[in-house]
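model-v1.cif follows (mmCIF, C-alpha atoms):
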data_coords
loop_
_atom_site.group_PDB
_atom_site.id
_atom_site.type_symbol
_atom_site.label_atom_id
_atom_site.label_comp_id
_atom_site.auth_asym_id
_atom_site.auth_seq_id
_atom_site.Cartn_x
_atom_site.Cartn_y
_atom_site.Cartn_z
ATOM 1 C CA MET A 1 133.038 91.377 111.647
ATOM 2 C CA ASN A 2 129.755 92.742 112.971
ATOM 3 C CA SER A 3 129.337 95.042 109.980
ATOM 4 C CA ARG A 4 130.045 92.132 107.617
ATOM 5 C CA MET A 5 127.293 90.067 109.248
ATOM 6 C CA ARG A 6 124.951 93.048 109.074
ATOM 7 C CA GLN A 7 125.660 93.483 105.351
ATOM 8 C CA ARG A 8 125.003 89.794 104.714
ATOM 9 C CA ALA A 9 121.752 89.982 106.680
ATOM 10 C CA LYS A 10 120.633 93.008 104.655
ATOM 11 C CA ALA A 11 121.580 91.304 101.400
ATOM 12 C CA HIS A 12 119.618 88.128 102.217
ATOM 13 C CA MET A 13 116.569 89.766 103.814
ATOM 14 C CA PRO A 14 114.418 89.720 100.625
ATOM 15 C CA MET A 15 114.906 85.955 100.273
ATOM 16 C CA VAL A 16 114.065 85.344 103.928
ATOM 17 C CA LEU A 17 110.980 87.528 103.681
ATOM 18 C CA LEU A 18 109.790 85.736 100.544
ATOM 19 C CA THR A 19 110.260 82.378 102.253
ATOM 20 C CA LEU A 20 108.245 83.432 105.294
ATOM 21 C CA LEU A 21 105.471 84.911 103.156
ATOM 22 C CA SER A 22 105.311 81.720 101.113
ATOM 23 C CA ILE A 23 104.985 79.620 104.265
ATOM 24 C CA ILE A 24 102.176 81.824 105.557
ATOM 25 C CA GLN A 25 100.497 81.703 102.155
ATOM 26 C CA ALA A 26 100.655 77.906 102.190
ATOM 27 C CA LEU A 27 99.178 77.649 105.694
ATOM 28 C CA ALA A 28 96.291 80.052 105.143
ATOM 29 C CA PRO A 29 94.221 77.827 102.788
ATOM 30 C CA GLU A 30 94.769 74.809 105.000
ATOM 31 C CA LEU A 31 93.597 76.636 108.104
ATOM 32 C CA THR A 32 90.662 78.104 106.185
ATOM 33 C CA TRP A 33 89.641 74.649 104.966
ATOM 34 C CA GLU A 34 89.791 73.291 108.540
ATOM 35 C CA HIS A 35 87.607 76.185 109.663
ATOM 36 C CA ILE A 36 85.041 75.436 106.947
ATOM 37 C CA ARG A 37 84.890 71.728 107.805
ATOM 38 C CA GLU A 38 84.607 72.207 111.574
ATOM 39 C CA GLN A 39 81.933 74.929 111.646
ATOM 40 C CA PRO A 40 78.407 73.571 111.134
ATOM 41 C CA TYR A 41 76.863 77.064 111.231
ATOM 42 C CA LEU A 42 78.344 77.792 107.782
ATOM 43 C CA LEU A 43 75.805 75.437 106.192
ATOM 44 C CA GLU A 44 72.800 77.292 107.656
ATOM 45 C CA LEU A 45 71.072 80.278 106.089
ATOM 46 C CA THR A 46 71.742 82.869 108.803
ATOM 47 C CA LEU A 47 73.500 86.189 109.207
ATOM 48 C CA THR A 48 76.261 84.446 111.146
ATOM 49 C CA ALA A 49 76.839 82.069 108.244
ATOM 50 C CA ALA A 50 76.907 84.971 105.765
ATOM 51 C CA LEU A 51 79.507 86.760 107.895
ATOM 52 C CA GLY A 52 81.512 83.533 108.134
ATOM 53 C CA TRP A 53 81.516 83.120 104.352
ATOM 54 C CA LEU A 54 82.466 86.790 103.977
ATOM 55 C CA GLN A 55 85.442 86.141 106.267
ATOM 56 C CA ILE A 56 86.433 83.106 104.186
ATOM 57 C CA ALA A 57 86.145 85.078 100.943
ATOM 58 C CA THR A 58 88.268 87.863 102.416
ATOM 59 C CA THR A 59 90.910 85.337 103.466
ATOM 60 C CA LEU A 60 91.024 83.846 99.965
ATOM 61 C CA LEU A 61 91.290 87.313 98.415
ATOM 62 C CA GLY A 62 94.183 88.054 100.758
ATOM 63 C CA ILE A 63 95.904 84.858 99.652
ATOM 64 C CA LEU A 64 95.561 85.909 96.002
ATOM 65 C CA LEU A 65 96.943 89.372 96.730
ATOM 66 C CA ALA A 66 99.851 87.853 98.657
ATOM 67 C CA ALA A 67 100.590 85.565 95.700
ATOM 68 C CA ALA A 68 100.677 88.572 93.379
ATOM 69 C CA ALA A 69 102.981 90.469 95.740
ATOM 70 C CA ILE A 70 105.324 87.496 96.112
ATOM 71 C CA SER A 71 105.468 86.982 92.336
ATOM 72 C CA TYR A 72 106.268 90.656 91.819
ATOM 73 C CA GLN A 73 108.985 90.564 94.476
ATOM 74 C CA ILE A 74 110.543 87.486 92.868
ATOM 75 C CA PHE A 75 110.556 89.322 89.528
ATOM 76 C CA LEU A 76 112.271 92.335 91.089
ATOM 77 C CA ASN A 77 114.860 90.172 92.835
ATOM 78 C CA ALA A 78 115.649 88.343 89.599
ATOM 79 C CA ARG A 79 116.096 91.657 87.800
ATOM 80 C CA TYR A 80 118.349 92.934 90.579
ATOM 81 C CA TRP A 81 120.503 89.800 90.491
ATOM 82 C CA GLN A 82 120.775 89.865 86.691
ATOM 83 C CA GLN A 83 121.940 93.447 86.845
ATOM 84 C CA ALA A 84 124.484 92.586 89.531
ATOM 85 C CA MET A 85 125.874 89.684 87.544
ATOM 86 C CA ALA A 86 126.034 91.680 84.314
ATOM 87 C CA LEU A 87 127.843 94.596 85.900
ATOM 88 C CA ASP A 88 129.830 92.508 88.351
ATOM 89 C CA ASP A 89 129.161 95.342 90.777
ATOM 90 C CA GLU A 90 126.352 96.584 92.983
ATOM 91 C CA PRO A 91 123.331 97.463 90.827
ATOM 92 C CA ASP A 92 121.403 100.673 91.165
ATOM 93 C CA PRO A 93 118.449 100.445 93.556
ATOM 94 C CA ILE A 94 115.159 99.843 91.838
#
Take the structure in the file and give it back as structure tokens.
Amino acid sequence: MNSRMRQRAKAHMPMVLLTLLSIIQALAPELTWEHIREQPYLLELTLTAALGWLQIATTLLGILLAAAAISYQIFLNARYWQQAMALDDEPDPI
């Protein structure tokens, strides 16, 4: 029974990982927006403000890269499942 649960966990890990990444991706812009609204130094013309905006830009770039990675993983999972359903067997690893 333990090996059966382990196999199920391995089979469902990509879906769990995608769900967790999507949740993190949804929280990141909200937390970034809260940071922008609560920090008055971002509206000044100082080095600290420039570094703050650089941090915000880096966060947004990370969100875009995460979105691309999640989309690619969804594509790969769909291809894997289509192969499995067509062959009615375990597909070859991609």
For Tyr80 (chain A), which residue out of A:Pro29, A:Pro14, A:Gly52, A:Gly62 is the nearest one, using only C-alpha atoms? A:Pro14
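For the pair CA of Thr32 (chain A) and CA of Thr59 (chain A), the separation is 7.7 Å.
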Please indicate the distance in Å from CA of Asn77 (chain A) to CA of Leu18 (chain A), rounded to one decimal place.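 So the answer is 10.2 Å.
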Care to translate the PyMOL selection byres ((chain A and resi 28) around 12) into actual residues of this file, as a ChimeraX atom specification? /A:21-27,29-35,56,58-64,66-67
So that I have them on file, write out the residues from the current selection with C-alpha atoms, as an mmCIF file, keeping the file's coordinate frame.
data_model
loop_
_atom_site.group_PDB
_atom_site.id
_atom_site.type_symbol
_atom_site.label_atom_id
_atom_site.label_comp_id
_atom_site.auth_asym_id
_atom_site.auth_seq_id
_atom_site.Cartn_x
_atom_site.Cartn_y
_atom_site.Cartn_z
ATOM 1 C CA LEU A 21 105.471 84.911 103.156
ATOM 2 C CA SER A 22 105.311 81.720 101.113
ATOM 3 C CA ILE A 23 104.985 79.620 104.265
ATOM 4 C CA ILE A 24 102.176 81.824 105.557
ATOM 5 C CA GLN A 25 100.497 81.703 102.155
ATOM 6 C CA ALA A 26 100.655 77.906 102.190
ATOM 7 C CA LEU A 27 99.178 77.649 105.694
ATOM 8 C CA PRO A 29 94.221 77.827 102.788
ATOM 9 C CA GLU A 30 94.769 74.809 105.000
ATOM 10 C CA LEU A 31 93.597 76.636 108.104
ATOM 11 C CA THR A 32 90.662 78.104 106.185
ATOM 12 C CA TRP A 33 89.641 74.649 104.966
ATOM 13 C CA GLU A 34 89.791 73.291 108.540
ATOM 14 C CA HIS A 35 87.607 76.185 109.663
ATOM 15 C CA ILE A 56 86.433 83.106 104.186
ATOM 16 C CA THR A 58 88.268 87.863 102.416
ATOM 17 C CA THR A 59 90.910 85.337 103.466
ATOM 18 C CA LEU A 60 91.024 83.846 99.965
ATOM 19 C CA LEU A 61 91.290 87.313 98.415
ATOM 20 C CA GLY A 62 94.183 88.054 100.758
ATOM 21 C CA ILE A 63 95.904 84.858 99.652
ATOM 22 C CA LEU A 64 95.561 85.909 96.002
ATOM 23 C CA ALA A 66 99.851 87.853 98.657
ATOM 24 C CA ALA A 67 100.590 85.565 95.700
#
Quick one, how far is CA of Arg8 (chain A) from CA of Ser71 (chain A)?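 It comes out at 23.3 Å.
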Of the listed residues A:Leu42, A:Leu47, A:Ile70, A:Leu65, that which approaches Val16 (chain A) most closely, counting all atoms listed in the file: A:Ile70
As lines of an AutoDock Vina configuration file, what would the box around region 23-39 of chain A look like: edges along x, y and z, 6 Å added on every side, centre and edge lengths in Å to one decimal?
center_x = 93.5
center_y = 76.8
center_z = 106.9
size_x = 35.1
size_y = 22.1
size_z = 21.5
